[in-house]
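Shown next: query_18.cif, given as mmCIF, C-alpha atoms and all ligand atoms.
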```cif
data_my_file
loop_
_atom_site.label_atom_id
_atom_site.label_comp_id
_atom_site.auth_asym_id
_atom_site.auth_seq_id
_atom_site.Cartn_x
_atom_site.Cartn_y
_atom_site.Cartn_z
CA MET A 1 0.00 0.00 0.00
CA THR A 2 1.25 3.48 -0.86
CA ASP A 3 -0.18 5.75 1.83
CA SER A 4 2.40 8.51 2.01
CA VAL A 5 4.20 10.16 -0.90
CA ALA A 6 6.72 13.00 -1.06
CA VAL A 7 6.87 15.01 -4.28
CA VAL A 8 10.05 17.03 -4.73
CA GLY A 9 9.51 19.98 -7.06
CA GLY A 10 6.67 22.46 -7.38
CA GLY A 11 6.78 22.86 -11.15
CA ALA A 12 4.00 21.90 -13.58
CA VAL A 13 4.82 18.20 -13.24
CA GLY A 14 5.18 18.03 -9.46
CA VAL A 15 1.97 19.94 -8.71
CA THR A 16 0.02 17.81 -11.19
CA ALA A 17 1.26 14.61 -9.58
CA ALA A 18 0.61 15.94 -6.07
CA ARG A 19 -2.93 16.92 -6.95
CA ALA A 20 -3.64 13.55 -8.62
CA LEU A 21 -2.31 11.66 -5.59
CA ALA A 22 -4.19 13.80 -3.07
CA ALA A 23 -7.38 13.29 -5.07
CA ARG A 24 -6.86 9.54 -4.52
CA ASP A 25 -6.64 10.06 -0.73
CA VAL A 26 -2.89 9.61 -0.53
CA ASP A 27 -1.08 11.55 2.20
CA VAL A 28 1.04 13.85 -0.02
CA THR A 29 3.73 16.33 0.92
CA LEU A 30 5.15 18.52 -1.83
CA PHE A 31 8.55 20.13 -1.18
CA GLU A 32 9.62 23.12 -3.25
CA ARG A 33 12.88 24.94 -2.62
CA GLY A 34 11.46 28.29 -3.78
CA GLU A 35 7.94 29.36 -4.64
CA ILE A 36 5.59 27.27 -6.78
CA ALA A 37 6.83 27.51 -10.40
CA ALA A 38 10.23 28.83 -9.28
CA GLY A 39 12.01 26.62 -11.84
CA SER A 40 11.52 26.19 -15.58
CA THR A 41 7.74 26.28 -15.32
CA GLY A 42 7.90 29.95 -14.32
CA ARG A 43 10.12 30.67 -17.33
CA ALA A 44 8.28 28.67 -19.98
CA ALA A 45 6.62 30.18 -23.04
CA GLY A 46 3.33 28.32 -22.61
CA LEU A 47 2.97 26.81 -26.10
CA CYS A 48 0.66 23.78 -26.12
CA TYR A 49 -0.13 21.56 -29.07
CA ASP A 50 -0.81 17.98 -30.02
CA ALA A 51 1.31 17.88 -33.19
CA PHE A 52 3.18 14.67 -32.44
CA ALA A 53 3.66 11.82 -34.89
CA GLY A 54 4.52 9.00 -32.49
CA GLN A 55 1.62 6.97 -31.12
CA THR A 56 2.51 7.48 -27.45
CA ASP A 57 3.38 11.16 -27.81
CA ALA A 58 0.18 11.91 -29.72
CA ALA A 59 -1.95 10.14 -27.12
CA VAL A 60 -0.18 11.94 -24.25
CA ALA A 61 -0.61 15.31 -25.97
CA ALA A 62 -4.29 14.72 -26.68
CA ARG A 63 -4.87 13.80 -23.04
CA ALA A 64 -2.95 16.87 -21.87
CA MET A 65 -4.91 19.23 -24.14
CA ASP A 66 -8.17 17.85 -22.75
CA ARG A 67 -6.96 18.42 -19.20
CA LEU A 68 -5.84 21.98 -19.93
CA ARG A 69 -9.26 22.84 -21.33
CA GLU A 70 -11.03 21.12 -18.41
CA LEU A 71 -8.96 23.09 -15.94
CA ALA A 72 -9.72 26.33 -17.77
CA ALA A 73 -13.45 25.52 -17.66
CA GLU A 74 -13.34 24.78 -13.93
CA THR A 75 -10.95 27.43 -12.56
CA ARG A 76 -9.45 30.88 -13.17
CA PHE A 77 -6.70 29.24 -15.27
CA SER A 78 -6.79 30.72 -18.76
CA PHE A 79 -6.17 28.67 -21.90
CA VAL A 80 -6.21 30.65 -25.16
CA GLU A 81 -6.92 28.69 -28.34
CA CYS A 82 -4.33 29.55 -31.02
CA PRO A 83 -3.34 27.40 -34.03
CA TYR A 84 0.29 26.26 -34.23
CA VAL A 85 2.01 26.65 -37.59
CA TRP A 86 5.43 25.24 -38.36
CA LEU A 87 7.30 25.63 -41.62
CA ALA A 88 10.51 25.17 -43.57
CA ARG A 89 11.84 27.66 -46.07
CA GLU A 90 13.14 27.11 -49.59
CA GLY A 91 16.60 25.56 -49.72
CA ASP A 92 15.99 23.68 -46.47
CA GLU A 93 14.99 20.42 -48.11
CA THR A 94 15.81 18.24 -45.11
CA ARG A 95 13.35 19.98 -42.82
CA ALA A 96 10.76 20.43 -45.57
CA ALA A 97 10.88 16.70 -46.24
CA ALA A 98 10.59 15.98 -42.52
CA ILE A 99 7.44 18.13 -42.23
CA ARG A 100 5.89 16.46 -45.30
CA GLU A 101 6.61 13.07 -43.78
CA GLN A 102 5.40 13.89 -40.24
CA VAL A 103 2.02 15.37 -41.02
CA PRO A 104 0.38 12.26 -42.51
CA ARG A 105 1.60 10.27 -39.51
CA MET A 106 0.10 12.84 -37.14
CA ARG A 107 -3.18 12.60 -39.04
CA GLU A 108 -3.10 8.80 -38.73
CA ARG A 109 -2.98 9.39 -34.97
CA GLY A 110 -6.17 11.40 -35.25
CA ARG A 111 -4.51 14.79 -34.82
CA ASP A 112 -6.17 17.79 -36.49
CA VAL A 113 -3.10 18.69 -38.51
CA GLU A 114 -2.72 19.54 -42.20
CA LEU A 115 -0.08 20.53 -44.69
CA LEU A 116 -0.45 24.03 -46.12
CA ASP A 117 1.07 25.16 -49.38
CA PRO A 118 2.50 28.71 -49.33
CA ALA A 119 -0.54 30.20 -51.11
CA THR A 120 -2.97 28.72 -48.59
CA LEU A 121 -0.73 29.80 -45.73
CA ALA A 122 -0.63 33.35 -47.14
CA ALA A 123 -4.40 33.44 -47.55
CA GLU A 124 -4.97 32.28 -43.98
CA TYR A 125 -2.21 34.38 -42.38
CA PRO A 126 -1.43 37.40 -44.59
CA ALA A 127 0.87 38.85 -41.93
CA LEU A 128 3.38 36.02 -42.46
CA LYS A 129 6.12 36.22 -45.06
CA THR A 130 5.37 33.23 -47.23
CA ASP A 131 7.11 33.81 -50.57
CA ASP A 132 10.11 31.68 -49.54
CA VAL A 133 8.16 29.00 -47.66
CA ALA A 134 8.75 25.51 -49.02
CA VAL A 135 6.16 23.77 -46.87
CA ALA A 136 4.06 24.60 -43.83
CA ALA A 137 1.74 22.70 -41.55
CA VAL A 138 -0.89 23.76 -39.07
CA ALA A 139 -2.12 22.07 -35.90
CA ARG A 140 -5.59 23.37 -35.06
CA ASP A 141 -5.71 21.71 -31.63
CA ALA A 142 -3.29 24.14 -30.03
CA GLY A 143 -3.22 27.04 -27.65
CA CYS A 144 -1.26 29.04 -25.15
CA ALA A 145 -1.32 29.46 -21.39
CA ASP A 146 0.67 30.96 -18.56
CA PRO A 147 2.58 28.00 -17.05
CA ALA A 148 3.06 29.76 -13.70
CA GLU A 149 -0.69 30.29 -13.47
CA TYR A 150 -1.24 26.60 -14.25
CA ALA A 151 1.12 25.58 -11.44
CA ALA A 152 -0.44 28.01 -8.96
CA VAL A 153 -3.98 26.82 -9.73
CA VAL A 154 -3.09 23.13 -9.59
CA ALA A 155 -1.10 23.61 -6.36
CA GLU A 156 -4.19 25.25 -4.85
CA ARG A 157 -6.26 22.28 -5.93
CA ALA A 158 -3.71 19.91 -4.42
CA ARG A 159 -3.93 21.79 -1.11
CA LYS A 160 -7.71 21.65 -1.21
CA ALA A 161 -7.54 17.91 -1.81
CA GLY A 162 -5.43 17.58 1.35
CA ALA A 163 -1.81 17.83 0.16
CA SER A 164 0.72 19.64 2.32
CA VAL A 165 2.61 22.09 0.08
CA GLN A 166 5.88 23.20 1.68
CA THR A 167 7.51 26.00 -0.27
CA GLU A 168 10.91 27.56 0.54
CA THR A 169 11.99 24.05 1.61
CA GLU A 170 15.02 22.60 -0.14
CA VAL A 171 15.34 18.87 0.43
CA GLY A 172 17.57 15.94 -0.44
CA VAL A 173 16.43 12.38 -1.13
CA THR A 174 17.70 8.97 -0.09
CA ALA A 175 17.04 5.57 -1.62
CA ASP A 176 15.09 4.30 1.44
CA PRO A 177 13.04 6.21 0.15
CA ALA A 178 13.16 9.26 2.39
CA VAL A 179 13.39 13.02 2.18
CA GLU A 180 16.05 15.01 4.04
CA THR A 181 14.48 18.27 5.12
CA PRO A 182 16.49 20.99 6.89
CA ASP A 183 15.15 19.58 10.20
CA ALA A 184 14.90 15.80 9.81
CA THR A 185 15.01 12.78 7.54
CA VAL A 186 11.42 11.71 6.88
CA ALA A 187 10.51 8.31 5.45
CA PHE A 188 7.72 7.98 2.87
CA ASP A 189 6.22 4.98 1.10
CA ALA A 190 7.25 6.63 -2.16
CA VAL A 191 9.25 9.68 -3.23
CA LEU A 192 8.83 11.36 -6.61
CA VAL A 193 11.69 13.53 -7.83
CA ALA A 194 10.21 16.05 -10.28
CA ALA A 195 12.89 18.64 -9.67
CA GLY A 196 13.45 19.71 -13.27
CA ALA A 197 17.09 20.57 -13.99
CA HIS A 198 18.05 19.55 -10.43
CA THR A 199 16.73 16.03 -10.80
CA ARG A 200 20.05 14.40 -11.73
CA LYS A 201 21.85 16.04 -8.78
CA LEU A 202 19.11 15.04 -6.34
CA LEU A 203 19.01 11.45 -7.48
CA ALA A 204 22.82 11.25 -7.39
CA GLY A 205 22.47 12.00 -3.67
CA ALA A 206 20.42 8.81 -3.42
CA GLY A 207 23.02 6.85 -5.37
CA VAL A 208 20.95 6.77 -8.58
CA THR A 209 22.42 7.92 -11.90
CA VAL A 210 20.09 9.16 -14.63
CA PRO A 211 21.17 10.38 -18.08
CA VAL A 212 19.70 13.88 -18.01
CA LYS A 213 21.40 17.07 -19.11
CA ALA A 214 20.25 20.62 -18.43
CA TYR A 215 20.57 22.94 -21.42
CA ARG A 216 19.97 26.68 -21.57
CA VAL A 217 17.28 28.32 -23.70
CA GLN A 218 16.15 31.94 -24.02
CA ALA A 219 13.00 33.90 -24.65
CA LEU A 220 11.78 37.48 -24.87
CA VAL A 221 8.59 39.47 -25.24
CA THR A 222 8.56 42.26 -27.79
CA GLU A 223 6.90 45.60 -27.42
CA GLN A 224 3.22 45.77 -28.33
CA THR A 225 2.61 45.06 -31.96
CA PRO A 226 -0.54 44.78 -34.08
CA ALA A 227 1.03 41.62 -35.55
CA SER A 228 0.24 39.87 -32.27
CA GLU A 229 -3.43 39.95 -33.21
CA CYS A 230 -3.19 38.26 -36.57
CA VAL A 231 -0.40 35.70 -36.45
CA PRO A 232 -0.62 32.09 -35.27
CA THR A 233 1.88 30.51 -32.94
CA LEU A 234 4.83 29.84 -35.26
CA TYR A 235 7.87 27.61 -35.33
CA ASP A 236 10.25 28.45 -38.15
CA ALA A 237 12.23 25.22 -38.45
CA THR A 238 14.72 26.73 -40.88
CA GLU A 239 15.53 29.77 -38.76
CA GLN A 240 15.04 27.71 -35.58
CA PHE A 241 12.94 30.04 -33.49
CA TYR A 242 9.34 30.21 -32.35
CA TRP A 243 6.90 32.91 -31.36
CA ARG A 244 3.50 33.07 -29.88
CA PRO A 245 1.17 36.03 -29.54
CA VAL A 246 0.80 37.23 -25.97
CA GLU A 247 -2.23 39.15 -24.84
CA GLN A 248 -2.18 42.63 -23.41
CA ASP A 249 -3.06 41.65 -19.86
CA GLU A 250 -0.70 38.70 -19.84
CA THR A 251 2.34 40.81 -20.61
CA GLY A 252 1.61 43.63 -18.22
CA PHE A 253 1.12 46.03 -21.09
CA GLY A 254 -2.00 47.27 -19.33
CA THR A 255 -5.61 46.78 -20.24
CA ARG A 256 -7.24 48.57 -23.11
CA THR A 257 -8.74 51.97 -22.40
CA PRO A 258 -12.28 52.10 -23.77
CA GLY A 259 -12.40 54.36 -26.81
CA SER A 260 -8.62 54.43 -27.25
CA SER A 261 -7.20 54.15 -30.72
CA GLN A 262 -5.03 51.28 -29.65
CA ARG A 263 -6.10 48.11 -31.39
CA PRO A 264 -8.00 45.92 -28.97
CA GLY A 265 -5.92 43.17 -27.54
CA ALA A 266 -2.65 44.14 -29.18
CA GLY A 267 0.04 42.51 -27.06
CA GLY A 268 3.53 41.46 -27.96
CA LEU A 269 5.18 38.43 -29.45
CA LEU A 270 6.91 35.98 -27.14
CA VAL A 271 9.93 34.80 -29.11
CA GLY A 272 12.08 31.86 -28.13
CA ASP A 273 15.24 30.01 -29.04
CA GLY A 274 18.84 30.92 -28.15
CA VAL A 275 19.52 27.29 -27.32
CA GLU A 276 22.91 26.44 -25.82
CA LYS A 277 23.33 22.74 -26.39
CA ARG A 278 25.60 21.78 -23.52
CA ASP A 279 25.18 20.47 -20.01
CA PHE A 280 24.72 23.25 -17.42
CA ASP A 281 25.16 23.08 -13.68
CA PRO A 282 21.57 23.84 -12.53
CA ASP A 283 22.99 26.10 -9.80
CA ASP A 284 25.38 28.03 -12.03
CA TRP A 285 24.00 29.59 -15.22
CA GLU A 286 23.14 33.02 -16.56
CA ARG A 287 19.48 33.90 -15.91
CA ALA A 288 19.49 36.99 -18.14
CA ALA A 289 19.18 36.59 -21.92
CA ASP A 290 22.23 37.31 -24.08
CA ALA A 291 22.35 40.56 -26.05
CA THR A 292 23.07 38.51 -29.20
CA PHE A 293 19.89 36.49 -28.68
CA ARG A 294 17.81 39.65 -28.24
CA THR A 295 19.18 41.14 -31.45
CA SER A 296 18.89 37.99 -33.54
CA ALA A 297 15.37 37.22 -32.29
CA VAL A 298 14.09 40.66 -33.33
CA GLU A 299 15.82 40.26 -36.72
CA ARG A 300 14.23 36.86 -37.27
CA VAL A 301 10.78 38.21 -36.37
CA ASP A 302 11.35 41.01 -38.88
CA ALA A 303 12.30 38.47 -41.57
CA ALA A 304 9.26 36.28 -40.89
CA LEU A 305 6.63 39.03 -41.20
CA ALA A 306 5.17 40.03 -44.56
CA PRO A 307 6.25 43.31 -46.14
CA GLY A 308 4.06 46.18 -44.97
CA VAL A 309 3.28 44.66 -41.58
CA ALA A 310 4.37 46.87 -38.67
CA ARG A 311 7.31 45.24 -36.92
CA PRO A 312 8.12 45.21 -33.22
CA VAL A 313 11.55 46.72 -32.62
CA GLU A 314 11.88 47.02 -28.87
CA VAL A 315 12.17 44.18 -26.41
CA GLU A 316 9.89 44.49 -23.39
CA ARG A 317 11.64 41.80 -21.31
CA SER A 318 13.86 38.78 -21.84
CA TRP A 319 15.18 35.87 -19.83
CA ALA A 320 16.85 32.46 -19.95
CA GLY A 321 15.88 29.12 -18.46
CA LEU A 322 16.91 25.49 -18.38
CA CYS A 323 15.36 22.54 -20.20
CA THR A 324 16.20 18.88 -19.67
CA ALA A 325 17.46 16.42 -22.30
CA THR A 326 17.81 12.63 -22.44
CA PRO A 327 19.76 10.41 -24.88
CA ASP A 328 16.68 9.43 -26.95
CA ARG A 329 14.65 12.66 -26.50
CA ASP A 330 11.96 10.79 -24.58
CA PRO A 331 11.38 11.65 -20.92
CA LEU A 332 12.15 9.55 -17.86
CA VAL A 333 8.86 8.74 -16.13
CA GLY A 334 8.87 5.85 -13.69
CA GLU A 335 10.53 4.03 -10.81
CA VAL A 336 14.33 4.02 -10.50
CA GLU A 337 14.63 2.19 -7.15
CA PRO A 338 11.86 0.57 -5.11
CA GLY A 339 9.66 3.46 -4.02
CA LEU A 340 11.83 6.12 -5.70
CA PHE A 341 10.30 7.69 -8.82
CA VAL A 342 11.43 10.24 -11.39
CA ALA A 343 9.69 12.49 -13.92
CA THR A 344 11.93 14.71 -16.06
CA GLY A 345 13.67 15.01 -19.45
CA TRP A 346 11.02 16.95 -21.38
CA HIS A 347 13.14 18.55 -24.15
CA GLY A 348 11.25 21.82 -23.87
CA HIS A 349 7.81 20.15 -23.97
CA GLY A 350 7.28 19.64 -20.25
CA PHE A 351 4.58 22.19 -19.65
CA MET A 352 2.28 21.06 -22.44
CA ARG A 353 2.61 17.40 -21.36
CA ALA A 354 2.53 17.93 -17.59
CA PRO A 355 -1.27 17.67 -17.27
CA ALA A 356 -1.06 14.14 -18.67
CA LEU A 357 2.33 12.88 -17.51
CA GLY A 358 1.98 14.30 -13.98
CA ARG A 359 -1.03 12.03 -13.67
CA THR A 360 0.72 9.12 -15.31
CA ILE A 361 3.50 9.15 -12.73
CA ALA A 362 0.95 9.48 -9.92
CA GLU A 363 -0.84 6.40 -11.26
CA GLN A 364 2.46 4.53 -11.47
CA ILE A 365 3.26 5.39 -7.85
CA LEU A 366 -0.09 3.80 -6.96
CA GLY A 367 0.88 0.61 -8.75
CA GLU A 368 -0.68 1.15 -12.16
CA ARG A 369 1.19 0.53 -15.37
CA GLY A 370 3.23 3.40 -16.77
CA ILE A 371 4.37 4.14 -20.30
CA ASP A 372 6.97 1.56 -21.37
CA LYS A 373 8.68 3.94 -23.79
CA PHE A 374 9.37 6.40 -20.93
CA GLU A 375 10.66 3.86 -18.37
CA PRO A 376 13.84 5.35 -16.86
CA THR A 377 15.39 1.89 -16.50
CA ARG A 378 15.84 1.71 -20.29
CA PHE A 379 19.17 3.48 -19.62
CA ASP A 380 22.18 2.50 -17.52
CA GLY A 381 22.53 6.11 -16.46
CA ASP A 382 26.08 6.73 -17.65
CA GLU A 383 25.25 7.27 -21.36
CA GLN A 384 27.18 9.93 -23.27
CA PHE A 385 24.95 11.90 -25.61
CA PRO A 386 24.61 15.23 -27.40
CA VAL A 387 21.79 17.61 -26.46
CA VAL A 388 19.12 17.87 -29.17
CA GLU A 389 16.62 20.67 -28.73
CA GLY A 390 13.03 19.45 -28.54
CA MET A 391 11.41 21.39 -31.40
CA THR A 392 14.08 20.29 -33.88
CA VAL A 393 12.51 19.00 -37.11
CA GLU A 394 14.65 16.38 -38.79
C1 LIG A 401 12.38 29.76 -21.99
C2 LIG A 401 11.62 28.46 -21.90
C3 LIG A 401 10.51 28.27 -22.72
C4 LIG A 401 9.78 27.09 -22.62
N1 LIG A 401 8.64 26.97 -23.37
C5 LIG A 401 7.88 25.86 -23.25
C6 LIG A 401 6.65 25.76 -23.95
O1 LIG A 401 6.26 26.68 -24.67
N2 LIG A 401 5.91 24.63 -23.81
C7 LIG A 401 6.33 23.60 -23.02
O2 LIG A 401 5.65 22.58 -22.96
N3 LIG A 401 7.48 23.67 -22.33
C8 LIG A 401 8.26 24.78 -22.42
N4 LIG A 401 9.42 24.87 -21.72
C9 LIG A 401 9.84 23.71 -20.91
C10 LIG A 401 9.11 23.71 -19.58
O3 LIG A 401 9.41 24.89 -18.88
C11 LIG A 401 9.54 22.53 -18.74
O4 LIG A 401 9.61 21.36 -19.51
C12 LIG A 401 8.57 22.30 -17.60
O5 LIG A 401 8.28 23.51 -16.96
C13 LIG A 401 9.17 21.31 -16.64
O6 LIG A 401 8.38 21.26 -15.47
P1 LIG A 401 8.92 20.46 -14.24
O7 LIG A 401 7.86 20.50 -13.21
O8 LIG A 401 9.45 19.15 -14.69
O9 LIG A 401 10.23 21.27 -13.77
P2 LIG A 401 10.39 22.70 -13.09
O10 LIG A 401 9.35 23.65 -13.47
O11 LIG A 401 11.80 23.10 -13.29
O12 LIG A 401 10.14 22.37 -11.55
C14 LIG A 401 11.09 21.75 -10.73
C15 LIG A 401 11.03 22.40 -9.38
O13 LIG A 401 11.86 21.67 -8.48
C16 LIG A 401 12.36 22.59 -7.55
N5 LIG A 401 13.52 21.98 -6.89
C17 LIG A 401 14.73 21.71 -7.45
N6 LIG A 401 15.54 21.15 -6.54
C18 LIG A 401 14.83 21.07 -5.39
C19 LIG A 401 15.14 20.57 -4.09
N7 LIG A 401 16.34 20.08 -3.77
N8 LIG A 401 14.16 20.65 -3.14
C20 LIG A 401 12.94 21.15 -3.42
N9 LIG A 401 12.62 21.64 -4.64
C21 LIG A 401 13.55 21.58 -5.61
C22 LIG A 401 12.69 23.81 -8.40
O14 LIG A 401 12.78 25.00 -7.61
C23 LIG A 401 11.54 23.83 -9.38
O15 LIG A 401 10.50 24.70 -9.00
C24 LIG A 401 10.18 26.05 -21.75
C25 LIG A 401 11.29 26.24 -20.93
C26 LIG A 401 12.00 27.44 -20.98
C27 LIG A 401 13.16 27.62 -20.05
#
```
Now, as a test, write the supplied structure out as structure tokens.
Amino acid sequence: MTDSVAVVGGGAVGVTAARALAARDVDVTLFERGEIAAGSTGRAAGLCYDAFAGQTDAAVAARAMDRLRELAAETRFSFVECPYVWLAREGDETRAAAIREQVPRMRERGRDVELLDPATLAAEYPALKTDDVAVAAVARDAGCADPAEYAAVVAERARKAGASVQTETEVGVTADPAVETPDATVAFDAVLVAAGAHTRKLLAGAGVTVPVKAYRVQALVTEQTPASECVPTLYDATEQFYWRPVEQDETGFGTRTPGSSQRPGAGGLLVGDGVEKRDFDPDDWERAADATFRTSAVERVDAALAPGVARPVEVERSWAGLCTATPDRDPLVGEVEPGLFVATGWHGHGFMRAPALGRTIAEQILGERGIDKFEPTRFDGDEQFPVVEGMTVE
């Protein structure tokens, strides 16, 4: 019987697992070294989509999208529907071929995804520069959300369901399994380590080695721009960056004054990339975005908008964060030692999958079957591997 569970990490994954366990009458304690969403969740862009070609990934994404919408219907959490377009430009035959090959497989999985030729793309989104697009695709089942809001709302629900949420509490773990708090070592029937970029370090303290690297990514929000009202979420596979429209309120641009000439809802564009593909110490990395990233991101936005569309020039705010990588680009979700569980390795897709995989790991802790493909024991732990960024189309 699993009566008591410790969850280490108050990001999107940890709070989802804690809430799912508490809802099943488990005695749950969540430990978070900072505030809820203090890690990558509080730095994430909030893109959500179901455009996955693999059977498992597509099913997980579909389940997660359902949960996000359910949560938005039931709480103050806001989920904004917004199609997700990804494309390759002329001369980039490798990525164009990959997109052409992926989309039929996504459709076979029941995903609402279609290929768009440049003319159709231009007709649907005239604000995009399409004259050099080789191939594009759109996922209609997509949207955006504020990941920190998700974590706050789900943590509240976990508390209401009876979980003890202990913020500002940095802990260690042992293989017993137990949690070392600043005051005592406390035994639990099961311990889940969902500590994002710190997961490898924490598990090493328990004598468990997992092949997870932390790599640095960057994002920014531009000044207000009318383009934010008429573009989809975009991933330019050739230029290797993404953007999503952000709403006025979300970005702190202020709410619209009735009768003002400002276009209603004009927010900014949240632009991301700036990936540094090497292993970072999760306690020693630069939190501020690089000047080169800020400049190149604005230039790439400029190049991706159609002639005549007003361009954002200024950057409102920018930041960096860590993502986690595994050797095969699939996450580690499961038991590593009796009673000791892990959930990490999201390759930049951890927020959008947390509503599903946070539940999956909770179910596994309670003895149900997990997802074979994500079993952490598929690795020895000492694998050498290069970091591949999650959105990469190849
Ligand atoms: C710039 C950027 C953009 C991104 N955009 C997207 C996106 O659009 N869509 C998407 O799906 N994903 C995105 N991601 C990835 C996403 O942020 C992560 O995959 C996801 O947030 C991981 O959630 P998590 O709960 O596993 O980890 P985290 O959110 O990192 O949570 C782990 C928590 O553990 C805590 N912790 C660590 N050590 C300890 C300890 N010893 N004791 C107690 N607590 C501890 C940390 O403080 C942290 O709060 C982005 C990431 C970044 C950085």
Show me, as a PDB file with C-alpha atoms, in the coordinates of the input, the residues that have an atom within 12 Å of Glu35 in chain A when counting all atoms listed in the file, minus same-chain residues fewer than 5 positions from it.
```pdb
ATOM      1  CA  GLY A   9       9.510  19.980  -7.060  1.00  0.00           C
ATOM      2  CA  GLY A  10       6.670  22.460  -7.380  1.00  0.00           C
ATOM      3  CA  GLY A  11       6.780  22.860 -11.150  1.00  0.00           C
ATOM      4  CA  VAL A  15       1.970  19.940  -8.710  1.00  0.00           C
ATOM      5  CA  LEU A  30       5.150  18.520  -1.830  1.00  0.00           C
ATOM      6  CA  SER A  40      11.520  26.190 -15.580  1.00  0.00           C
ATOM      7  CA  THR A  41       7.740  26.280 -15.320  1.00  0.00           C
ATOM      8  CA  GLY A  42       7.900  29.950 -14.320  1.00  0.00           C
ATOM      9  CA  ALA A 148       3.060  29.760 -13.700  1.00  0.00           C
ATOM     10  CA  ALA A 151       1.120  25.580 -11.440  1.00  0.00           C
ATOM     11  CA  ALA A 152      -0.440  28.010  -8.960  1.00  0.00           C
ATOM     12  CA  ALA A 155      -1.100  23.610  -6.360  1.00  0.00           C
ATOM     13  CA  VAL A 165       2.610  22.090   0.080  1.00  0.00           C
ATOM     14  CA  GLN A 166       5.880  23.200   1.680  1.00  0.00           C
ATOM     15  CA  THR A 167       7.510  26.000  -0.270  1.00  0.00           C
ATOM     16  CA  GLU A 168      10.910  27.560   0.540  1.00  0.00           C
ATOM     17  CA  THR A 169      11.990  24.050   1.610  1.00  0.00           C
ATOM     18  CA  GLU A 170      15.020  22.600  -0.140  1.00  0.00           C
TER      19      GLU A 170
END
```
Non-local contacts of Gly54 in chain A (8 Å; only C-alpha atoms; under 4 positions in same chain excluded) as a ChimeraX atom specification: /A:58,105-106,109
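Using all atoms listed in the file for every distance, the candidate list A:Val315, A:Ala20, A:Leu332, A:Leu269 yields A:Leu332 as the residue closest to Thr209 in chain A.
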Between CA of Ala122 in chain A and CA of Trp86 in chain A, what is the distance, to one decimal in Å? 13.4 Å
Which value, in Å to one decimal, gives the distance between CA of Asp27 in chain A and CA of Gly205 in chain A?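 Distance between the two atoms: 24.3 Å.
For the residues A:Ala161, A:Ala145, A:Ala206, A:Ala175, ranking by smallest atom-to-atom distance to Arg69 in chain A using all atoms listed in the file places A:Ala145 first.
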Point-to-point distance in Å for CA of Glu108 in chain A and CA of Phe79 in chain A: 26.2 Å
